[in-house]
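Participant: One structure is given below, represented as structure tokens, and several questions about it will come after.
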Amino acid sequence: MTDQNAHALLAAERRSHVLTALARDGAVRISQLTDDLGVAAVTLRRDLAQMEEEGLLVRVHGGAVPPAGGVKAAASAPAPATPTGSLAVLVPSLNYYWPGVVRGMEAEAKRRGLSLLLRGASYELQDERPVLERLIAEHAVRGFIVAPNTDTPHAQDVVQWLAECGLPSVFVERDAVVLPGREPVESVTTDHALGAVLAARHLAALGHRKVGLILSRDSPTGRKIVRGWEAACAELELDPSDHFEEYFPDRSGPNFTAAVDAAIDTALASGVTGLLIHSDPEAMAFIDIALNRGLSVPRDLSVVAYDDEVAQLFTPALTAVSPPRAAVGAAAVDLLARRIEDPSRPVHRVTLNPTLNVRQSTAQVPA
């Protein structure tokens with residue numbers, strides 16, 4: 001056997017190994033292939049480039065993924081119905097709100113034969129790129145589902161990195177654009193503005209003509225709630241003196257109780273009888289302090305909570321706007337899986353409606 005034939009045999013073995021790994025794992029990493037095959041990275045890059053020319057794979061940063069039709073389709077065999085492999089998920093919290101979204105992702109991923117690599121960042125993290133880079137470097141991921149912090153100097157850098165990393169991504173409960181053309185990114189969001197409208201209409205239907213909005217933080221959700229609230233106040237033809245809007249400080253901070261007392265004072269002084277409060281814990285704390293002051297809910301103040309995470313567990317059970325958390329998570333996985341199957345499909349931006357669950361914390365204004 002000549003040296004040339006031996007080299008060809010080794011190349012064929014490498015190609016077979018790569019295609020097998022792609023079919024099994026949904027992606028390959030050059031760093032892992034160098035360990036598995038004992039060849040230089042430059043050799044593997046050359047192999048991947050040749051296989052890409054033949055339509056057997058698509059190169060991405062640090063490795064490769066199957067083509068749109070799948071590995072078997074590239075070898076003239078029937079393509080699998082859905083992609084396989086792992087999807088990387090980065091959300092800002094694993095405690096509140098996001099577990100419901102993640103459970104929806106897990107159910108849809110399981111249905112499709114996919115797995116999730118879940119990471120929780122924090123609202124304080126200024127730049128998520130190192131976390132995302134580690135996920136690519138350490139795992140064979142097919143794409144990203146992310147909810148990045150949109151209020152940092154690096155927010156647009158993260159968006160640009162995702163657009164250029166070579167893997168598809170879907171934003172969840174976030175809106176963003178890619179510069180310089182400001183093209184919207186693929187996303188699944190809740191229409192939180194509609195949620196505020198639903199709450200305001202509910203209070204109006206109960207006869208509340210003086211209302212207030214209290215937000216826990218200046219967040220992407222809070223800003224959308226404000227837009228919906230303002231639209232609802234205009235729709236209901238409320239004068240500026242008929243409604244007020246306030247922000248609460250952090251619930252764990254030393255000024256929270258004083259802020260709640262001040263909000264109660266504002267409501268009583270202005271004749272407000274109905275409130276929308278984001279989120280559930282803030283609404284419950286507000287009601288506790290109001291009860292301690294001798295007020296009654298809902299007789300003196302009707303309260304609608306926003307998020308419906310634990311609202312029904314409180315006494316009185318809270319009327320609440322409920323975002324479709326599980327459906328948001330499932331839709332994000334569905335979008336990403338479809339993008340992996342067909343990279344040329346149009347960008348989709350899915351918006352889901354929240355619902356209003358009426359319970360015991362709201363009532364008709366006394367005659």
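Identifiers in this document derive from the order of the structure tokens: chains are assigned A, B, ..., residues are numbered from 1 separately in each chain, and ligands are numbered from 1 in order of occurrence.
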Give me the residues near A:Glu235 as a list in words, where near means some atom within 12 Å (using only C-alpha atoms) and where sequence neighbours in that chain fewer than 5 positions away do not count.

Facilitator: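 Non-adjacent residues within range: Val197, Leu198, Ala200, Arg201, Ala204, Gly228, Trp229 and Glu230 of chain A.
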
Participant: Can you list every residue of stretch 129-207 of chain A that has an atom at most 9 Å from stretch 296-317 of chain A, with its nearest atom pair and the distance in Å to one decimal, using only C-alpha atoms, ordered by chain then number, as a tab-separated table?

Facilitator:
residue	atom	partner	partner_atom	distance
A:Gly195	CA	A:Tyr306	CA	8.0
A:Ala196	CA	A:Tyr306	CA	8.3
A:Ala199	CA	A:Val304	CA	6.7
A:Leu203	CA	A:Ser302	CA	7.9

Participant: For the selection you just gave me, I'd like the residues written to a file as an mmCIF file, in the first residue's frame, keeping C-alpha atoms.

Facilitator:
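Saved to selection.cif:
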data_model
loop_
_atom_site.group_PDB
_atom_site.id
_atom_site.type_symbol
_atom_site.label_atom_id
_atom_site.label_comp_id
_atom_site.auth_asym_id
_atom_site.auth_seq_id
_atom_site.Cartn_x
_atom_site.Cartn_y
_atom_site.Cartn_z
ATOM 1 C CA GLY A 195 -51.836 42.202 29.701
ATOM 2 C CA ALA A 196 -51.995 45.709 31.145
ATOM 3 C CA ALA A 199 -56.223 44.461 33.767
ATOM 4 C CA LEU A 203 -61.059 47.275 36.757
#

Participant: Could you pull out the strand (DSSP E or B) residues of stretch 266-343 of chain A from DSSP and send them as number ranges by chain?

Facilitator: A: 274-278, 302-306, 319-322

Participant: Excluding A:Met105 and its own-chain neighbours fewer than 5 positions away, which residues fall within 8 Å of it when counting only C-alpha atoms? Please give them as a ChimeraX atom specification.

Facilitator: /A:326,329-333

Participant: Write out as a tab-separated table a residue-level contact list of stretch 116-182 of chain A versus stretch 20-30 of chain A with cut-off 9 Å: for each qualifying residue the closest pair of atoms and the distance in Å to one decimal, counting only C-alpha atoms, rows sorted by chain and residue number upward.

Facilitator:
residue	atom	partner	partner_atom	distance
A:Ile136	CA	A:Arg29	CA	8.7
A:Ala137	CA	A:Arg29	CA	7.9
A:Glu138	CA	A:Arg29	CA	8.6
A:His139	CA	A:Arg29	CA	7.9
A:Ala140	CA	A:Ala27	CA	5.2
A:Val141	CA	A:Ala27	CA	6.5
A:Arg142	CA	A:Ala27	CA	6.4

Participant: Measuring atom to atom with only C-alpha atoms, identify which of A:Leu275, A:Leu37, A:Ala12, A:Val328 is nearest to A:Thr189.

Facilitator: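 So, comparing all the options, the nearest one is A:Val328.
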
Participant: Neighbouring residues of A:Asp157 were defined as those with any atom within 10 Å, considering only C-alpha atoms; residues of the same chain fewer than 2 positions away were excluded. Please report them as a compact mmCIF listing (two decimals) with N, CA and C atoms, in the first residue's frame.

Facilitator:
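Okay, out-v2.txt is ready:
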# COMPACT_ATOMS: atom_id res chain seq x y z
N ASP A 127 -22.47 41.23 30.65
CA ASP A 127 -22.09 40.75 29.33
C ASP A 127 -22.21 39.22 29.32
N GLU A 128 -23.17 38.70 28.58
CA GLU A 128 -23.38 37.25 28.54
C GLU A 128 -22.47 36.53 27.55
N ARG A 129 -21.68 37.25 26.78
CA ARG A 129 -20.87 36.58 25.75
C ARG A 129 -19.93 35.52 26.30
N THR A 152 -27.74 46.89 29.54
CA THR A 152 -26.32 47.05 29.85
C THR A 152 -25.61 47.64 28.63
N PRO A 153 -24.41 48.18 28.83
CA PRO A 153 -23.65 48.71 27.69
C PRO A 153 -23.30 47.65 26.65
N HIS A 154 -23.33 46.35 27.06
CA HIS A 154 -22.96 45.28 26.14
C HIS A 154 -24.16 44.60 25.49
N ALA A 155 -25.35 45.14 25.70
CA ALA A 155 -26.55 44.47 25.19
C ALA A 155 -26.49 44.25 23.68
N VAL A 159 -26.18 40.75 21.06
CA VAL A 159 -27.02 40.51 19.90
C VAL A 159 -26.17 40.28 18.66
N GLN A 160 -25.16 41.12 18.47
CA GLN A 160 -24.29 40.98 17.30
C GLN A 160 -23.51 39.67 17.33
N TRP A 161 -23.03 39.29 18.52
CA TRP A 161 -22.28 38.04 18.65
C TRP A 161 -23.15 36.85 18.25
N LEU A 162 -24.38 36.83 18.72
CA LEU A 162 -25.28 35.74 18.37
C LEU A 162 -25.55 35.70 16.87
N ALA A 163 -25.67 36.88 16.26
CA ALA A 163 -25.93 36.93 14.82
C ALA A 163 -24.75 36.43 14.01
N VAL A 178 -30.48 43.49 14.70
CA VAL A 178 -29.07 43.33 14.32
C VAL A 178 -28.65 44.55 13.52
N LEU A 179 -27.54 45.15 13.91
CA LEU A 179 -27.01 46.31 13.21
C LEU A 179 -26.13 45.86 12.04

Participant: Name the closest residue to A:Asn149 among the candidates A:Arg227, A:Arg174, A:Arg15, A:His192; distances are taken between atoms, counting only C-alpha atoms.

Facilitator: A:Arg174

Participant: What is the atom CA of A:Glu54-atom CA of A:Ile145 distance in Å, reported with one decimal?

Facilitator: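 Value for the atom CA of A:Glu54-atom CA of A:Ile145 distance: 29.7 Å.
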
Participant: I'd like the interatomic distance between atom CA of A:Pro346 and atom CA of A:Leu56, to a tenth of an Å.

Facilitator: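 If I compute the distance from atom CA of A:Pro346 to atom CA of A:Leu56, I get 23.3 Å.
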
Participant: To one decimal place, how far is atom CA of A:Asp239 from atom CA of A:Val211 in Å?

Facilitator: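 Interatomic distance, atom CA of A:Asp239 to atom CA of A:Val211: 10.7 Å.
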